[in-house]
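First the structure, in the form of structure tokens, and then the observations on it.
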Amino acid sequence: MDPKEEIKKSFIAAIWFMFLTFPIMVVRVDTIEHTVTWRWERLIWVGAAFFLLSFIWRRLLDRKLTGPSATDTAPAHAAPRWKHLTADSRLKRPALAAAALFFLAVPLLFSWNKTILVTNALIYVVIALGLNIVVGLAGQLVLGYVAFFAVGAYGYALLNLHYAVGFWSALPIGAALAALFGLLLGFPVLRLRGDYLAIVTLGFGEIIRIVLENWNELSFGPSGIDNIPPPDFFGLILNLRQTHIAIYYLMVVLTLLTILVVSRLQHSRIGRSWEALREDETAAQAMGIDTTRAKLSAFALGACWAGMGGVVFAAKQKFINPGNFTIWESILVLCIVVLGGMGSITGVVLAALVLVILPEALRVFADYRWLVFGAMLVLVMVFRPEGLVRARRRVYAFEPTESDKTEGP
């Protein structure tokens, strides 16, 4: 687009924005003193800022739409430079070692509150990796994923309250209960796709929350359950700070285990079935893939990790109530999966750390931090819709040998 045309459109957009915000930004009525103050300087700043943002936005969109793509400038077999760097073991291994050392040293480098914040981020990493199985790999849009998180948390709290079940016993039990609920959800929605599946799963999540909120005999209703014991680490007597540090290291181990298992599943036979189901369910079924088994396994395994995350969450918080498991938690986890990159393990880990830690880091903006946070999400999704880290797909290519080249038809 011609720069003059872009300037003209940005100027018109700024004028319209100034007109729309005129009553709010310029006119100030003091009902006590019965005076009206005209703040014209604010209108000028608003117009200038919106003109600049509109011009930059148009330039970036124009560059994105008309710029040369990688497929136009590089041969078909070539990969972008950054992919070669990440695939190079000489750079990948030191980067992984540095990341491991950093996470091991977090309690030593940062304060107690920041360590707890990173622990929360790791809990969301585990939960998001579970949702990544369902949404990113299998392509099943689930909006009620927080229900499995609640099942794990309440499972541990109730088992400990009534049967004195410890944390380490409740961890696999919570995962199994969540997987069972995943199967119960999976059977009714086998024939549903897209928006219909999202609406049904949203209703499932709300049903679980409403049941927990109103079944006082079971879940104690809105009052919740308190005095949930933390994990017992080899019988050691730990104070509150040491307990949170121990839970942090537990989450580091659980996160590594989750990454390992999800990575192995992704590159297994069932993982390829999930990816085929995501691309085209009809074609996958025509090729002989058991779509029923693939969907149910995705729901069960994805819910399993949410259940484990719920058990750790309950042990860390020591108090839970239905208010901890609202629809906004499901939306946050779904945003992590989409922002990180559908099917990308590295992207989900990075997005979870960003979306959980960034709002706290933006506290310096006070009341505007959520506005800045939302604007950053919009920019990322517009200019990088594949996510922070695009999922790398395995490509199998036939390379003829010398004998094949010499042999004629």
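Note on naming: chains are A, B, ... as they come in the structure tokens, residues start from 1 per chain, ligands start from 1 in the order shown.
The shell of residues at most 8 Å from Gly347 in chain A, with only C-alpha atoms counted and near chain neighbours (fewer than 3 positions) removed, consists of Val337, Leu339, Gly340, Gly341, Ser344, Leu350, Ala351, Gly387, Leu388, Val389, Arg390 and Ala391 of chain A.
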Export of the given selection (C-alpha atoms) as a compact mmCIF listing (two decimals), in the first residue's frame:
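Here's the written file again27.txt:
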# COMPACT_ATOMS: atom_id res chain seq x y z
CA VAL A 337 -2.14 -23.86 24.22
CA LEU A 339 -0.55 -18.87 22.11
CA GLY A 340 2.25 -21.39 22.55
CA GLY A 341 1.45 -23.22 19.33
CA SER A 344 4.12 -27.65 20.32
CA LEU A 350 6.89 -20.86 27.18
CA ALA A 351 3.31 -19.60 26.90
CA GLY A 387 1.95 -19.45 18.13
CA LEU A 388 5.22 -18.63 19.80
CA VAL A 389 6.79 -21.89 18.65
CA ARG A 390 5.39 -23.62 15.60
CA ALA A 391 4.92 -27.36 16.03
Mind checking DSSP for range 85-330 of chain A and telling me the alpha helix (DSSP H) residues as a ChimeraX atom specification? /A:85-87,89-104,106-109,112-131,146-163,167-186,194-214,216-219,240-266,269-279,281-286,291-317,327-330
Using only C-alpha atoms: which of A:Met287, A:Ile247, A:Met25, A:Val311 has the shortest distance to Phe167 in chain A: A:Val311
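Using only C-alpha atoms, the smallest distance between any of A:Leu377, A:Ile228, A:Ala352, A:Tyr156 and Pro172 in chain A comes from A:Tyr156.
Once range 312-320 of chain A and its same-chain neighbours fewer than 4 positions away are set aside, Ala153, Gly224, Ile225, Asp226, Asn227, Ile228, Pro229, Pro230, Pro231, Met308 and Asn324 of chain A remain within 7 Å of it when counting only C-alpha atoms.
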Just write the chosen residues, C-alpha atoms, as a PDB file, in the first residue's frame.
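File written: out.pdb
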ATOM      1  CA  ALA A 153      -8.088 -31.184  43.699  1.00  0.00           C
ATOM      2  CA  GLY A 224     -14.690 -25.112  50.534  1.00  0.00           C
ATOM      3  CA  ILE A 225     -12.260 -27.432  52.276  1.00  0.00           C
ATOM      4  CA  ASP A 226      -9.347 -26.171  54.325  1.00  0.00           C
ATOM      5  CA  ASN A 227      -6.427 -27.671  56.257  1.00  0.00           C
ATOM      6  CA  ILE A 228      -5.401 -29.793  53.287  1.00  0.00           C
ATOM      7  CA  PRO A 229      -2.007 -31.249  54.239  1.00  0.00           C
ATOM      8  CA  PRO A 230       1.035 -30.600  52.035  1.00  0.00           C
ATOM      9  CA  PRO A 231       3.190 -33.465  50.719  1.00  0.00           C
ATOM     10  CA  MET A 308      -2.391 -34.516  38.926  1.00  0.00           C
ATOM     11  CA  ASN A 324     -10.911 -21.766  42.128  1.00  0.00           C
TER      12      ASN A 324
END
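Near Leu202 in chain A, within 8 Å and counting only C-alpha atoms, sit Val142, Leu143, Gly144 and Ile327 of chain A, not including residues fewer than 6 positions from it in the same chain.
Distances to Leu355 in chain A were evaluated for A:Asn120, A:Thr258, A:Asn214, A:Thr326 using only C-alpha atoms, and the minimum falls at A:Asn120.
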Could you list, as a list in words, every residue within 10 Å of Val106 in chain A, counting only C-alpha atoms and ignoring same-chain residues fewer than 3 positions away? Leu101, Phe102, Phe103, Leu109, Phe110, Ser111, Trp112, Lys114, Thr115, Val118, Ile245, Tyr248 and Tyr249 of chain A
Take the residues just selected and output them with C-alpha atoms as an mmCIF file, in the first residue's frame.
data_model
loop_
_atom_site.group_PDB
_atom_site.id
_atom_site.type_symbol
_atom_site.label_atom_id
_atom_site.label_comp_id
_atom_site.auth_asym_id
_atom_site.auth_seq_id
_atom_site.Cartn_x
_atom_site.Cartn_y
_atom_site.Cartn_z
ATOM 1 C CA LEU A 101 20.304 -24.871 36.140
ATOM 2 C CA PHE A 102 18.100 -21.785 36.145
ATOM 3 C CA PHE A 103 15.010 -23.650 37.355
ATOM 4 C CA LEU A 109 17.866 -16.398 43.090
ATOM 5 C CA PHE A 110 14.398 -15.059 43.841
ATOM 6 C CA SER A 111 12.218 -14.316 46.842
ATOM 7 C CA TRP A 112 9.703 -16.675 48.371
ATOM 8 C CA LYS A 114 8.363 -15.242 43.233
ATOM 9 C CA THR A 115 9.175 -18.914 43.842
ATOM 10 C CA VAL A 118 6.926 -19.914 39.340
ATOM 11 C CA ILE A 245 10.350 -24.770 48.107
ATOM 12 C CA TYR A 248 8.476 -26.182 43.760
ATOM 13 C CA TYR A 249 11.095 -28.883 43.168
#
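Shell of Ile24 in chain A at 12 Å, with only C-alpha atoms counted and residues fewer than 4 places along the chain excluded, is Phe17, Met18, Phe19, Leu20, Arg28, Val29, Thr37, Trp38, Arg39, Trp40, Arg42, Leu43 and Val46 of chain A.
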Find the residue from A:Leu332, A:Ile345, A:Val146, A:Val200 that sits nearest to Leu265 in chain A; use only C-alpha atoms when measuring. A:Ile345
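Residues within 12 Å of Leu177 in chain A, counting only C-alpha atoms and excluding same-chain residues fewer than 5 positions away, are Ala147, Phe148, Phe149, Ala150, Val151, Gly152, Ala153, Tyr154, Gly155, Tyr156, Leu159, Ala170, Leu171, Pro172, Gly182, Leu183, Leu184, Ala300, Leu301, Ala303, Cys304, Trp305, Ala306, Gly307, Met308, Gly310 and Val311 of chain A.
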Residues as selected, C-alpha atoms, written as an mmCIF file, in the first residue's frame, can you do that?
data_model
loop_
_atom_site.group_PDB
_atom_site.id
_atom_site.type_symbol
_atom_site.label_atom_id
_atom_site.label_comp_id
_atom_site.auth_asym_id
_atom_site.auth_seq_id
_atom_site.Cartn_x
_atom_site.Cartn_y
_atom_site.Cartn_z
ATOM 1 C CA ALA A 147 -13.523 -29.758 35.504
ATOM 2 C CA PHE A 148 -10.724 -32.353 35.475
ATOM 3 C CA PHE A 149 -8.530 -29.955 37.431
ATOM 4 C CA ALA A 150 -11.298 -29.690 40.039
ATOM 5 C CA VAL A 151 -11.730 -33.475 40.165
ATOM 6 C CA GLY A 152 -8.079 -33.938 41.067
ATOM 7 C CA ALA A 153 -8.088 -31.184 43.699
ATOM 8 C CA TYR A 154 -11.334 -32.240 45.366
ATOM 9 C CA GLY A 155 -10.384 -35.895 45.063
ATOM 10 C CA TYR A 156 -7.305 -35.360 47.218
ATOM 11 C CA LEU A 159 -9.937 -38.581 50.401
ATOM 12 C CA ALA A 170 -3.720 -39.360 46.207
ATOM 13 C CA LEU A 171 -1.532 -38.258 43.276
ATOM 14 C CA PRO A 172 -2.163 -41.364 41.104
ATOM 15 C CA GLY A 182 -12.488 -37.784 30.819
ATOM 16 C CA LEU A 183 -13.900 -41.065 29.538
ATOM 17 C CA LEU A 184 -17.351 -40.157 30.884
ATOM 18 C CA ALA A 300 -8.525 -39.716 29.235
ATOM 19 C CA LEU A 301 -4.818 -38.927 28.959
ATOM 20 C CA ALA A 303 -7.590 -35.252 31.840
ATOM 21 C CA CYS A 304 -5.019 -37.372 33.680
ATOM 22 C CA TRP A 305 -2.478 -34.553 33.814
ATOM 23 C CA ALA A 306 -5.120 -32.051 34.879
ATOM 24 C CA GLY A 307 -6.005 -34.343 37.773
ATOM 25 C CA MET A 308 -2.391 -34.516 38.926
ATOM 26 C CA GLY A 310 -5.240 -30.423 40.779
ATOM 27 C CA VAL A 311 -3.784 -32.637 43.521
#
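Across A:Leu240, A:Val36, A:Ala105, A:Leu185, the tightest approach to Lys295 in chain A is made by A:Leu185 when counting only C-alpha atoms.
Closest to Gln242 in chain A among A:Gly136, A:Pro23, A:Gly343, A:Pro107 is A:Pro107, based on only C-alpha atoms.
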